[in-house]
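Novice: Could you have a look at this structure, given as structure tokens, before my questions?
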Amino acid sequence: MTSINSNYLNLQGSYLFSEIAKRRTKFIQDNPQAEIISLGIGDVTRGLPDAVTKAMHAAVDELAVPGTFRGYGPEQGYDFLVNAIIENDYRARGVDIQSNEVFVSDGSKCDVGNIQEIFSQDAIVAVQDPVYPVYVDTNVMAGRSGLFNSEIGRYENIVYLDCTAENNFKPSLPDRKVDLIYLCYPNNPTGMTLTKDELKVWVDYARDNNCLILFDSAYEAFITEEDVPHSIYEVEGAREVAIEFRSFSKTAGFTGIRCAYTVVPRELKGLDKDGSSVIINDLWNRRHTTKFNGVSYVTQRGAEAIYSAEGKAQIRSLVDYYMTNAGIIRDGLRSLGLEVFGGVNAPYIWLKTPNGLDSWAFFDKLLSEANIVGTPGVGFGRSGQGYFRLTAFGSLENTEKAVERIRKLSL
Ligand code: PLP
């Protein structure tokens, strides 16, 4: 038989969502009349903006005719989309990005998962805890994590940066040498952010310690506060130490359509085994063009439409809809005396479970007494124990109903 990549056997089961589904199913079997509200969903629920569907319909019609038909496109994305990204997401904020630094893809999950391939096998990886699990699991698959220590619930060679209420979910700098630092802001799952000055500390650290920041800003569109940077490149010096990942998934309802992009500045350098410097952008370009054949023309026309005046107004109202929900959850729970975080610059609300309940005990209480499904914080890492994530992606009506139900609980 063929030998397998045994790193895959080092992965921990995706216990979180299967366990949620199991408990939910059991509850529904025992209580068929219960009307469950899910505030656990990480997927958007509103329709696509009109500007997007119009542009996509027009693009489909173009493809039907030989003169305007398009087959394989540039793997890095069509100029019309790359230029719209550069103008609107960067130049409008005073950041200069060149077209050969943008790589359009079919999702940030793939990009944040694949990026580690171009770094050495012995690179030391640092992640925030709690964390979006893709960063950890893809490094496990690559054999970079060391073994999982079930006593401490962590991989031996991964450096975990704890984010708890005690440090206001702002991790300390690593206490040992690391090579790659995954930062996610606005953060999933905590919904928290860093100010520009706080992010500068990380950029300066990366510059002083020869490491690279992998900056996931999938939730950038939800930022409402002035001092929260929309891009890491707003921080001086970041072009030499940071790769940025952006997604249209949550911004514009593209979770099913699939479109995202990654920015890899030309200044970013790494070392080969002889100590000579290598341009990281060239490596990512090589990887992208070898393993990826581009996002469909129709999808890219849809993404471009987000940047039209009509599209901008429509995605603003989508984001506002979810952020109204976030405010309802946040204020509602606060008024009950719960300790609540996030929900101001992100569609996630992270709460401290009351009365010292662990994350799963609170899950069971919420499900059985209020018929609400959320996500236990411990599922995102050890530091998430005693916390719970609610999302703002439901309908307004269900969000209001859920908060009313929680109000009636004895907490
Ligand atoms: N990064 C973070 C932090 C996320 O929470 C998600 C989706 O939930 C993604 C990336 C994936 O985005 P995409 O839909 O573009 O693959």
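In the structure tokens, each chain is lettered A, B, ... as it comes, each chain's residues begin at 1, and ligands are numbered from 1 in order of appearance.
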Using only C-alpha atoms and all ligand atoms, determine which residues fall within 10 Å of ligand 1, then list them as a count of residues only.
Specialist: 47
Novice: Contacts of segment 309-317 of chain A at 8 Å or less, counting only C-alpha atoms, minus same-chain residues fewer than 3 places along, as a list in words?
Specialist: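 Surrounding residues, per the criterion: Pro49, Asp50, Ala51, Val52, Thr251, Ala252, Ala305, Ile306, Asp320 and Tyr321 of chain A.
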Novice: Go ahead and compute the interatomic distance for atom CA of Phe222 of chain A and atom CA of Gly343 of chain A, in Å to one decimal.
Specialist: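 Answer for the atom CA of Phe222 of chain A to atom CA of Gly343 of chain A separation: 9.1 Å.
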Novice: May I ask for the distance between atom CA of Asn345 of chain A and atom CA of Glu234 of chain A, given in Å to one decimal place?
Specialist: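 Atom-to-atom, atom CA of Asn345 of chain A to atom CA of Glu234 of chain A, that is 17.2 Å.
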Novice: Using only C-alpha atoms, can you tell me which of A:Pro265, A:Gly327, A:Gly270, A:Gly94 comes closest to Leu396 of chain A?
Specialist: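 Ranked by minimum distance to Leu396 of chain A, first place goes to A:Gly327.
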Novice: Got a sec: who's within 9 Å of Val104 of chain A, counting only C-alpha atoms, leaving out chain neighbours fewer than 6 positions off, as a PyMOL selection string?
Specialist: chain A and resi 75-78+81-82+259-263+294-295+300
Novice: Any chance you could export the current selection's all heavy atoms as a compact mmCIF listing (two decimals), in the first residue's frame?
Specialist:
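Heads up, here's the output in selection_11.txt:
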# COMPACT_ATOMS: atom_id res chain seq x y z
N GLU A 75 -3.98 34.08 -13.88
CA GLU A 75 -4.15 33.42 -12.57
C GLU A 75 -4.24 34.42 -11.44
O GLU A 75 -4.89 34.20 -10.43
CB GLU A 75 -2.98 32.46 -12.28
CG GLU A 75 -2.92 31.24 -13.17
CD GLU A 75 -2.00 31.43 -14.35
OE1 GLU A 75 -1.72 32.60 -14.74
OE2 GLU A 75 -1.55 30.41 -14.91
N GLN A 76 -3.56 35.55 -11.59
CA GLN A 76 -3.52 36.54 -10.51
C GLN A 76 -4.76 37.44 -10.47
O GLN A 76 -4.89 38.26 -9.57
CB GLN A 76 -2.29 37.46 -10.67
CG GLN A 76 -0.95 36.72 -10.66
CD GLN A 76 -0.54 36.27 -12.05
OE1 GLN A 76 -1.35 36.18 -12.98
NE2 GLN A 76 0.74 36.00 -12.22
N GLY A 77 -5.62 37.30 -11.46
CA GLY A 77 -6.83 38.13 -11.49
C GLY A 77 -6.81 39.08 -12.67
O GLY A 77 -5.73 39.48 -13.14
N TYR A 78 -8.00 39.44 -13.17
CA TYR A 78 -8.10 40.40 -14.29
C TYR A 78 -7.71 41.80 -13.80
O TYR A 78 -7.99 42.17 -12.65
CB TYR A 78 -9.53 40.42 -14.82
CG TYR A 78 -9.87 39.22 -15.68
CD1 TYR A 78 -10.66 38.19 -15.18
CD2 TYR A 78 -9.39 39.12 -16.98
CE1 TYR A 78 -10.98 37.09 -15.96
CE2 TYR A 78 -9.70 38.01 -17.77
CZ TYR A 78 -10.50 37.01 -17.26
OH TYR A 78 -10.79 35.92 -18.03
N LEU A 81 -10.30 44.03 -11.95
CA LEU A 81 -10.55 43.81 -10.53
C LEU A 81 -9.34 44.24 -9.70
O LEU A 81 -9.48 44.92 -8.68
CB LEU A 81 -10.90 42.34 -10.24
CG LEU A 81 -11.15 42.01 -8.76
CD1 LEU A 81 -12.24 42.90 -8.15
CD2 LEU A 81 -11.51 40.54 -8.57
N VAL A 82 -8.16 43.88 -10.16
CA VAL A 82 -6.94 44.24 -9.41
C VAL A 82 -6.86 45.76 -9.28
O VAL A 82 -6.58 46.30 -8.20
CB VAL A 82 -5.69 43.66 -10.13
CG1 VAL A 82 -4.41 44.23 -9.54
CG2 VAL A 82 -5.70 42.14 -10.04
N CYS A 259 -14.53 34.60 -3.69
CA CYS A 259 -13.52 35.52 -4.22
C CYS A 259 -12.82 36.23 -3.07
O CYS A 259 -13.48 36.66 -2.10
CB CYS A 259 -14.14 36.54 -5.18
SG CYS A 259 -12.91 37.36 -6.23
N ALA A 260 -11.52 36.32 -3.18
CA ALA A 260 -10.71 36.97 -2.14
C ALA A 260 -9.42 37.45 -2.80
O ALA A 260 -9.24 37.25 -4.02
CB ALA A 260 -10.39 35.96 -1.04
N TYR A 261 -8.55 38.07 -2.04
CA TYR A 261 -7.23 38.39 -2.60
C TYR A 261 -6.19 38.50 -1.51
O TYR A 261 -6.51 38.67 -0.32
CB TYR A 261 -7.28 39.68 -3.44
CG TYR A 261 -7.60 40.94 -2.68
CD1 TYR A 261 -6.58 41.69 -2.08
CD2 TYR A 261 -8.89 41.40 -2.56
CE1 TYR A 261 -6.87 42.87 -1.39
CE2 TYR A 261 -9.19 42.56 -1.88
CZ TYR A 261 -8.18 43.29 -1.29
OH TYR A 261 -8.47 44.43 -0.60
N THR A 262 -4.94 38.34 -1.95
CA THR A 262 -3.80 38.41 -1.04
C THR A 262 -2.82 39.42 -1.59
O THR A 262 -2.60 39.47 -2.80
CB THR A 262 -3.15 37.01 -0.93
OG1 THR A 262 -4.08 36.16 -0.26
CG2 THR A 262 -1.84 37.02 -0.17
N VAL A 263 -2.27 40.24 -0.70
CA VAL A 263 -1.27 41.24 -1.12
C VAL A 263 0.10 40.80 -0.61
O VAL A 263 0.28 40.57 0.60
CB VAL A 263 -1.63 42.63 -0.56
CG1 VAL A 263 -0.55 43.65 -0.92
CG2 VAL A 263 -2.99 43.09 -1.09
N GLY A 294 -7.07 30.62 -11.59
CA GLY A 294 -7.82 31.87 -11.68
C GLY A 294 -9.26 31.74 -11.23
O GLY A 294 -9.85 30.66 -11.28
N VAL A 295 -9.80 32.87 -10.79
CA VAL A 295 -11.21 32.94 -10.38
C VAL A 295 -12.03 33.21 -11.65
O VAL A 295 -11.58 33.92 -12.55
CB VAL A 295 -11.40 34.09 -9.37
CG1 VAL A 295 -12.87 34.29 -9.02
CG2 VAL A 295 -10.60 33.81 -8.12
N GLN A 300 -15.34 37.55 -10.96
CA GLN A 300 -14.51 38.77 -10.84
C GLN A 300 -15.29 40.01 -11.27
O GLN A 300 -15.10 41.09 -10.70
CB GLN A 300 -13.22 38.62 -11.64
CG GLN A 300 -12.30 37.56 -11.04
CD GLN A 300 -10.91 37.59 -11.65
OE1 GLN A 300 -10.21 38.60 -11.60
NE2 GLN A 300 -10.49 36.48 -12.21
Novice: Using Å and a single decimal, report how far atom CA of Ile97 of chain A sits from atom CA of Leu268 of chain A.
Specialist: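 One can read the atom CA of Leu268 of chain A to atom CA of Ile97 of chain A distance as 13.0 Å.
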Novice: Need the shell around Ile232 of chain A: protein/DNA/RNA residues with any atom at most 8 Å away, counting only C-alpha atoms. Skip same-chain ones fewer than 2 positions apart. Format as a PyMOL selection string?
Specialist: chain A and resi 199+215+229-230+234-235+238+242+244
Novice: For Asn209 of chain A, find every residue with an atom within 10 Å (counting only C-alpha atoms), except residues of its own chain fewer than 3 positions away, and show them as number ranges by chain.
Specialist: A: 177-179, 203-206, 212
Novice: Name the closest residue to Lys269 of chain A among the candidates A:Arg286, A:Glu240, A:Thr324, A:Asn100; distances are taken between atoms, counting only C-alpha atoms.
Specialist: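 Closest residue, counting only C-alpha atoms: A:Glu240.
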Novice: Let me make sure I understand: among A:Thr375, A:Thr399, A:Ser368, A:Thr2, which one has the smallest atom-to-atom distance to Thr190 of chain A if we use only C-alpha atoms?
Specialist: A:Thr375
